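Down below is the structure, laid out as structure tokens.
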Amino acid sequence: MAMATVTLGSWIHHNHRPSSIFTQSKTPPRSRSPSLITLKPIFLNSKRTVSSSSYIVSSSVVTKEDNRKSSSSSFDFMSYIIRKAESVNKALDSAVPLREPLKIHEAMRYSLLAGGKRVRPVLCIAACELVGGQESHAMPAACAVEMIHTMSLIHDDLPCMDNDDLRRGKPTNHKVYGEDVAVLAGDALLSFAFEHLASATSAEVAPVRVVRAVGELAKAIGSEGLVAGQVVDISSEGLDLNDVGLEHLEYIHLHKTAALLEASAVLGGIVGGGSDDEIERLRKFARCIGLLFQVVDDILDLTKSSQELGKTAGKDLVADKLTYPKIMGLEKSREFAEKLNRDAREQLLGFDPDKVAPLLALATYIANRQS
């Protein structure tokens with residue numbers, strides 16, 4: 001059978017060299033600034049081969065034509081995400097009850113239950129259901145990634161980091177409980193996330209899959225994952241644009257933002273019983289929407305008010321941080337976001353259209369969100 005090749009192509013802007021997000025580098029790109037840690041470029045190109053039959057409209061698989069339609073005409077995503085977010089909120093409330101010492105648990109709950117879009121846990125659940133699992137199988141993993149995400153927000157907002165006073169429309173954790181308790185609340189959420197994943201996952205999920213999920217999550221947030229992105233991001237503040245490029249910015253956000261979204265989808269695929277091929281396709285999909293999430297975040301930070309965002313707007317500009325609009329310009333950033341959305345959707349070709357509808361809609365939601 002003839003095979004149609006889909007190239008998940010690199011984004012090329014002016015004289016920047018091509019890069020791809022489908023293979024991660026363990027070292028960040030090299031900067032010409034002597035003040036920055038030694039960085040190594042990542043120039044990655046990837047191709048995915050898809051059977052030509054995947055392009056034929058069929059009732060049993062998502063095709064290229066179906067993908068363009070995005071299933072939005074028949075799938076009510078807002079009802080779906082509200083319903084799933086409510087389930088996640090109940091599970092989080094139950095997982096972290098008020099107990100002694102009261103102050104630390106109050107601080108943990110203050111940020112964990114402050115609302116938010118719950119994109120990561122919903123992604124985890126949707127990925128699990130896509131490969132044949134149940135919501136109950138994924139819920140502990142979904143809660144774990146949300147606990148870790150909340151930890152990262154608490155720590156991001158600290159005076160030694162982004163020094164922010166507003167998060168999800170409320171005073172940040174350290175403004176309410178003090179810097180010392182805020183640090184400890186984040187630490188407690190980080191450690192409890194792994195305890196919860198290991199102890200609360202259903203016995204219907206094979207132990208080997210639980211262990212695999214724990215390892216995947218730990219790798220995603222460690223010194224070669226989320227933390228790596230944070231460190232390079234901090235080190236890059238104030239750098240001249242001549243010293244950095246898109247590869248440098250891509251490294252930051254593949255690690256700082258996309259890594260946890262990627263882990264969310266992969267954990268869902270693992271505990272849902274997915275095959276290695278299905279899990280890897282979910283990984284690539286989530287990597288695309290993870291980078292898409294950050295590109296949109298950069299655009300919103302520049303174009304929306306603090307009231308609209310529920311957090312301090314324009315802080316990246318004040319901190320002189322590297323952002324996509326800063327390097328590429330606003331319009332090119334919007335074009336890049338559209339491309340990432342297309343690339344993400346390509347990874348879902350061939351899945352059952354009913355089960356894949358939430359993920360297709362999630363990609364559209366991330367691309368079009370206004371806060």
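Note on naming: chains are A, B, ... as they come in the structure tokens, residues start from 1 per chain, ligands start from 1 in the order shown.
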
DSSP alpha helix (DSSP H) residues within region 128-237 of chain A, as a PyMOL selection string: chain A and resi 128-130+135-156+173-177+179-200+207-221+226-235

Per-residue DSSP, region 134-262 of chain A, filtered to strand (DSSP E), as an NGL selection string: :A and (166-167 or 170-171)

For the selection you just gave me, I'd like the residues written to a file as a compact mmCIF listing (two decimals), in the first residue's frame, keeping N, CA, C and O atoms.
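Writing the result to out-v5.txt gives the following:
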```txt
# COMPACT_ATOMS: atom_id res chain seq x y z
N LEU A 166 -0.76 38.41 42.08
CA LEU A 166 -2.09 37.97 41.67
C LEU A 166 -1.99 36.66 40.89
O LEU A 166 -1.16 36.51 40.01
N ARG A 167 -2.87 35.73 41.25
CA ARG A 167 -2.91 34.44 40.56
C ARG A 167 -4.35 33.93 40.58
O ARG A 167 -4.96 33.83 41.63
N LYS A 170 -6.82 35.99 42.51
CA LYS A 170 -6.71 36.10 43.96
C LYS A 170 -5.27 36.45 44.35
O LYS A 170 -4.35 36.24 43.55
N PRO A 171 -5.07 36.99 45.56
CA PRO A 171 -3.70 37.23 46.02
C PRO A 171 -2.89 35.93 45.98
O PRO A 171 -3.42 34.85 46.28
```

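Our summary of the geometry notes that CA of Asp93 (chain A) is positioned 28.5 Å from CA of Leu360 (chain A).
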
Atomic separation - CA of Ala259 (chain A) relative to CA of Gly273 (chain A), Å: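 Taking CA of Gly273 (chain A) as the start and CA of Ala259 (chain A) as the end point, the length is 21.1 Å.
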
Near-Asp156 (chain A) list (12 Å; only C-alpha atoms; drop same-chain fewer than 4 positions) as a VMD selection string: chain A and resid 149 to 152 160 to 167 172 to 174 179 182 to 183 186 226 to 227 230 to 231 233 to 234 256

Of the listed residues A:Glu237, A:Ala265, A:Leu254, A:Glu135, that which approaches Ser202 (chain A) most closely, counting only C-alpha atoms: A:Glu135

Sorted per-residue table, region 206-267 of chain A near region 283-286 of chain A, closest atoms and distance, 12 Å, only C-alpha atoms, as CSV:
```
residue,atom,partner,partner_atom,distance
A:Glu216,CA,A:Arg283,CA,11.2
A:Ala220,CA,A:Arg283,CA,11.6
A:Leu254,CA,A:Ala286,CA,10.4
A:Thr257,CA,A:Ala286,CA,10.6
A:Ala258,CA,A:Ala286,CA,7.2
A:Ala259,CA,A:Ala286,CA,8.6
A:Leu260,CA,A:Ala286,CA,9.1
A:Leu261,CA,A:Ala286,CA,5.9
A:Glu262,CA,A:Ala286,CA,4.7
A:Ala263,CA,A:Arg283,CA,7.5
A:Ser264,CA,A:Ala286,CA,8.1
A:Ala265,CA,A:Ala286,CA,6.3
A:Val266,CA,A:Arg283,CA,5.7
A:Leu267,CA,A:Arg283,CA,9.5
```

For the residues selected in the previous step, produce a file with N, CA, C and O atoms as a PDB file, in the first residue's frame.
```pdb
ATOM      1  N   GLU A 216       7.741   8.569  34.659  1.00  0.00           N
ATOM      2  CA  GLU A 216       7.476   9.553  33.609  1.00  0.00           C
ATOM      3  C   GLU A 216       7.247  10.938  34.208  1.00  0.00           C
ATOM      4  O   GLU A 216       7.784  11.942  33.715  1.00  0.00           O
ATOM      5  N   ALA A 220       9.637  14.391  33.937  1.00  0.00           N
ATOM      6  CA  ALA A 220       9.077  15.583  33.302  1.00  0.00           C
ATOM      7  C   ALA A 220       9.309  16.853  34.105  1.00  0.00           C
ATOM      8  O   ALA A 220       9.389  17.947  33.533  1.00  0.00           O
ATOM      9  N   LEU A 254       9.521  24.191  25.828  1.00  0.00           N
ATOM     10  CA  LEU A 254       9.312  22.747  25.755  1.00  0.00           C
ATOM     11  C   LEU A 254       9.508  22.111  27.122  1.00  0.00           C
ATOM     12  O   LEU A 254       8.875  21.104  27.459  1.00  0.00           O
ATOM     13  N   THR A 257       6.926  24.619  30.105  1.00  0.00           N
ATOM     14  CA  THR A 257       5.468  24.539  29.948  1.00  0.00           C
ATOM     15  C   THR A 257       5.026  23.209  29.351  1.00  0.00           C
ATOM     16  O   THR A 257       4.141  22.540  29.889  1.00  0.00           O
ATOM     17  N   ALA A 258       5.630  22.813  28.235  1.00  0.00           N
ATOM     18  CA  ALA A 258       5.134  21.637  27.516  1.00  0.00           C
ATOM     19  C   ALA A 258       5.405  20.337  28.264  1.00  0.00           C
ATOM     20  O   ALA A 258       4.638  19.377  28.122  1.00  0.00           O
ATOM     21  N   ALA A 259       6.456  20.277  29.070  1.00  0.00           N
ATOM     22  CA  ALA A 259       6.829  19.018  29.720  1.00  0.00           C
ATOM     23  C   ALA A 259       5.718  18.469  30.597  1.00  0.00           C
ATOM     24  O   ALA A 259       5.434  17.264  30.587  1.00  0.00           O
ATOM     25  N   LEU A 260       5.061  19.331  31.360  1.00  0.00           N
ATOM     26  CA  LEU A 260       4.016  18.838  32.246  1.00  0.00           C
ATOM     27  C   LEU A 260       2.736  18.502  31.482  1.00  0.00           C
ATOM     28  O   LEU A 260       2.026  17.556  31.838  1.00  0.00           O
ATOM     29  N   LEU A 261       2.444  19.251  30.427  1.00  0.00           N
ATOM     30  CA  LEU A 261       1.313  18.887  29.575  1.00  0.00           C
ATOM     31  C   LEU A 261       1.581  17.553  28.884  1.00  0.00           C
ATOM     32  O   LEU A 261       0.685  16.702  28.754  1.00  0.00           O
ATOM     33  N   GLU A 262       2.803  17.372  28.436  1.00  0.00           N
ATOM     34  CA  GLU A 262       3.181  16.100  27.818  1.00  0.00           C
ATOM     35  C   GLU A 262       3.021  14.961  28.803  1.00  0.00           C
ATOM     36  O   GLU A 262       2.456  13.902  28.476  1.00  0.00           O
ATOM     37  N   ALA A 263       3.498  15.172  30.031  1.00  0.00           N
ATOM     38  CA  ALA A 263       3.373  14.135  31.053  1.00  0.00           C
ATOM     39  C   ALA A 263       1.910  13.819  31.344  1.00  0.00           C
ATOM     40  O   ALA A 263       1.547  12.664  31.577  1.00  0.00           O
ATOM     41  N   SER A 264       1.065  14.837  31.315  1.00  0.00           N
ATOM     42  CA  SER A 264      -0.361  14.625  31.575  1.00  0.00           C
ATOM     43  C   SER A 264      -0.955  13.645  30.576  1.00  0.00           C
ATOM     44  O   SER A 264      -1.667  12.699  30.950  1.00  0.00           O
ATOM     45  N   ALA A 265      -0.689  13.869  29.296  1.00  0.00           N
ATOM     46  CA  ALA A 265      -1.219  12.997  28.256  1.00  0.00           C
ATOM     47  C   ALA A 265      -0.600  11.606  28.328  1.00  0.00           C
ATOM     48  O   ALA A 265      -1.291  10.587  28.188  1.00  0.00           O
ATOM     49  N   VAL A 266       0.695  11.555  28.557  1.00  0.00           N
ATOM     50  CA  VAL A 266       1.389  10.264  28.604  1.00  0.00           C
ATOM     51  C   VAL A 266       0.916   9.442  29.801  1.00  0.00           C
ATOM     52  O   VAL A 266       0.686   8.230  29.682  1.00  0.00           O
ATOM     53  N   LEU A 267       0.761  10.088  30.955  1.00  0.00           N
ATOM     54  CA  LEU A 267       0.260   9.360  32.125  1.00  0.00           C
ATOM     55  C   LEU A 267      -1.128   8.794  31.861  1.00  0.00           C
ATOM     56  O   LEU A 267      -1.423   7.655  32.235  1.00  0.00           O
TER      57      LEU A 267
END
```

Residue neighbourhood region 94-101 of chain A, 12 Å, only C-alpha atoms, exclusion window fewer than 6 positions, as a PyMOL selection string: chain A and resi 87-88+107-113+139-144+146-147+181+185+188-189+192-193+195-197+199-200

Residues near Leu123 (chain A), cut-off 8 Å, only C-alpha atoms, skip fewer than 2 positions along chain, as a list in words: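 What passes the distance filter is Val119, Arg120, Pro121, Ile125, Ala126, Ala127, Leu261, Ser264, Ala265, Gly268, Leu359 and Leu362 of chain A.
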
Could you please take those selected residues and save all heavy atoms as a PDB file, in the first residue's frame?
```pdb
ATOM      1  N   VAL A 119      -6.660  22.296  32.630  1.00  0.00           N
ATOM      2  CA  VAL A 119      -6.318  21.736  31.325  1.00  0.00           C
ATOM      3  C   VAL A 119      -5.510  20.453  31.472  1.00  0.00           C
ATOM      4  O   VAL A 119      -5.758  19.460  30.768  1.00  0.00           O
ATOM      5  CB  VAL A 119      -5.536  22.777  30.486  1.00  0.00           C
ATOM      6  CG1 VAL A 119      -4.922  22.123  29.252  1.00  0.00           C
ATOM      7  CG2 VAL A 119      -6.464  23.919  30.075  1.00  0.00           C
ATOM      8  N   ARG A 120      -4.551  20.438  32.359  1.00  0.00           N
ATOM      9  CA  ARG A 120      -3.663  19.274  32.497  1.00  0.00           C
ATOM     10  C   ARG A 120      -4.398  18.025  32.977  1.00  0.00           C
ATOM     11  O   ARG A 120      -4.257  16.956  32.371  1.00  0.00           O
ATOM     12  CB  ARG A 120      -2.476  19.637  33.388  1.00  0.00           C
ATOM     13  CG  ARG A 120      -1.548  20.645  32.735  1.00  0.00           C
ATOM     14  CD  ARG A 120      -0.712  21.428  33.753  1.00  0.00           C
ATOM     15  NE  ARG A 120      -0.018  22.526  33.090  1.00  0.00           N
ATOM     16  CZ  ARG A 120      -0.594  23.707  32.812  1.00  0.00           C
ATOM     17  NH1 ARG A 120      -1.855  23.926  33.160  1.00  0.00           N
ATOM     18  NH2 ARG A 120       0.084  24.661  32.210  1.00  0.00           N
ATOM     19  N   PRO A 121      -5.171  18.106  34.051  1.00  0.00           N
ATOM     20  CA  PRO A 121      -5.892  16.895  34.450  1.00  0.00           C
ATOM     21  C   PRO A 121      -6.949  16.458  33.437  1.00  0.00           C
ATOM     22  O   PRO A 121      -7.160  15.254  33.243  1.00  0.00           O
ATOM     23  CB  PRO A 121      -6.534  17.286  35.791  1.00  0.00           C
ATOM     24  CG  PRO A 121      -6.485  18.763  35.866  1.00  0.00           C
ATOM     25  CD  PRO A 121      -5.294  19.181  35.066  1.00  0.00           C
ATOM     26  N   ILE A 125      -7.177  12.749  31.646  1.00  0.00           N
ATOM     27  CA  ILE A 125      -8.380  11.914  31.609  1.00  0.00           C
ATOM     28  C   ILE A 125      -8.784  11.604  30.167  1.00  0.00           C
ATOM     29  O   ILE A 125      -9.124  10.464  29.829  1.00  0.00           O
ATOM     30  CB  ILE A 125      -9.525  12.604  32.365  1.00  0.00           C
ATOM     31  CG1 ILE A 125      -9.194  12.685  33.862  1.00  0.00           C
ATOM     32  CG2 ILE A 125     -10.838  11.861  32.151  1.00  0.00           C
ATOM     33  CD1 ILE A 125     -10.119  13.599  34.649  1.00  0.00           C
ATOM     34  N   ALA A 126      -8.751  12.616  29.308  1.00  0.00           N
ATOM     35  CA  ALA A 126      -9.140  12.417  27.910  1.00  0.00           C
ATOM     36  C   ALA A 126      -8.208  11.424  27.215  1.00  0.00           C
ATOM     37  O   ALA A 126      -8.651  10.598  26.405  1.00  0.00           O
ATOM     38  CB  ALA A 126      -9.141  13.753  27.171  1.00  0.00           C
ATOM     39  N   ALA A 127      -6.916  11.503  27.517  1.00  0.00           N
ATOM     40  CA  ALA A 127      -5.951  10.571  26.927  1.00  0.00           C
ATOM     41  C   ALA A 127      -6.217   9.149  27.401  1.00  0.00           C
ATOM     42  O   ALA A 127      -6.138   8.190  26.616  1.00  0.00           O
ATOM     43  CB  ALA A 127      -4.531  10.991  27.286  1.00  0.00           C
ATOM     44  N   LEU A 261       2.444  19.251  30.427  1.00  0.00           N
ATOM     45  CA  LEU A 261       1.313  18.887  29.575  1.00  0.00           C
ATOM     46  C   LEU A 261       1.581  17.553  28.884  1.00  0.00           C
ATOM     47  O   LEU A 261       0.685  16.702  28.754  1.00  0.00           O
ATOM     48  CB  LEU A 261       1.060  19.989  28.549  1.00  0.00           C
ATOM     49  CG  LEU A 261       0.285  21.202  29.081  1.00  0.00           C
ATOM     50  CD1 LEU A 261       0.558  22.431  28.219  1.00  0.00           C
ATOM     51  CD2 LEU A 261      -1.194  20.917  29.140  1.00  0.00           C
ATOM     52  N   SER A 264       1.065  14.837  31.315  1.00  0.00           N
ATOM     53  CA  SER A 264      -0.361  14.625  31.575  1.00  0.00           C
ATOM     54  C   SER A 264      -0.955  13.645  30.576  1.00  0.00           C
ATOM     55  O   SER A 264      -1.667  12.699  30.950  1.00  0.00           O
ATOM     56  CB  SER A 264      -1.116  15.955  31.498  1.00  0.00           C
ATOM     57  OG  SER A 264      -0.607  16.891  32.420  1.00  0.00           O
ATOM     58  N   ALA A 265      -0.689  13.869  29.296  1.00  0.00           N
ATOM     59  CA  ALA A 265      -1.219  12.997  28.256  1.00  0.00           C
ATOM     60  C   ALA A 265      -0.600  11.606  28.328  1.00  0.00           C
ATOM     61  O   ALA A 265      -1.291  10.587  28.188  1.00  0.00           O
ATOM     62  CB  ALA A 265      -0.970  13.608  26.881  1.00  0.00           C
ATOM     63  N   GLY A 268      -1.989   9.591  31.203  1.00  0.00           N
ATOM     64  CA  GLY A 268      -3.308   9.087  30.857  1.00  0.00           C
ATOM     65  C   GLY A 268      -3.231   7.879  29.951  1.00  0.00           C
ATOM     66  O   GLY A 268      -3.961   6.896  30.140  1.00  0.00           O
ATOM     67  N   LEU A 359      -9.896  15.692  22.663  1.00  0.00           N
ATOM     68  CA  LEU A 359      -8.532  16.167  22.465  1.00  0.00           C
ATOM     69  C   LEU A 359      -8.444  17.153  21.304  1.00  0.00           C
ATOM     70  O   LEU A 359      -7.713  18.153  21.380  1.00  0.00           O
ATOM     71  CB  LEU A 359      -7.588  14.982  22.225  1.00  0.00           C
ATOM     72  CG  LEU A 359      -7.372  14.062  23.428  1.00  0.00           C
ATOM     73  CD1 LEU A 359      -6.487  12.882  23.049  1.00  0.00           C
ATOM     74  CD2 LEU A 359      -6.765  14.818  24.597  1.00  0.00           C
ATOM     75  N   LEU A 362      -9.812  20.260  22.677  1.00  0.00           N
ATOM     76  CA  LEU A 362      -8.881  20.862  23.634  1.00  0.00           C
ATOM     77  C   LEU A 362      -7.805  21.669  22.915  1.00  0.00           C
ATOM     78  O   LEU A 362      -7.437  22.770  23.353  1.00  0.00           O
ATOM     79  CB  LEU A 362      -8.235  19.775  24.500  1.00  0.00           C
ATOM     80  CG  LEU A 362      -7.203  20.256  25.525  1.00  0.00           C
ATOM     81  CD1 LEU A 362      -7.837  21.227  26.518  1.00  0.00           C
ATOM     82  CD2 LEU A 362      -6.594  19.067  26.263  1.00  0.00           C
TER      83      LEU A 362
END
```
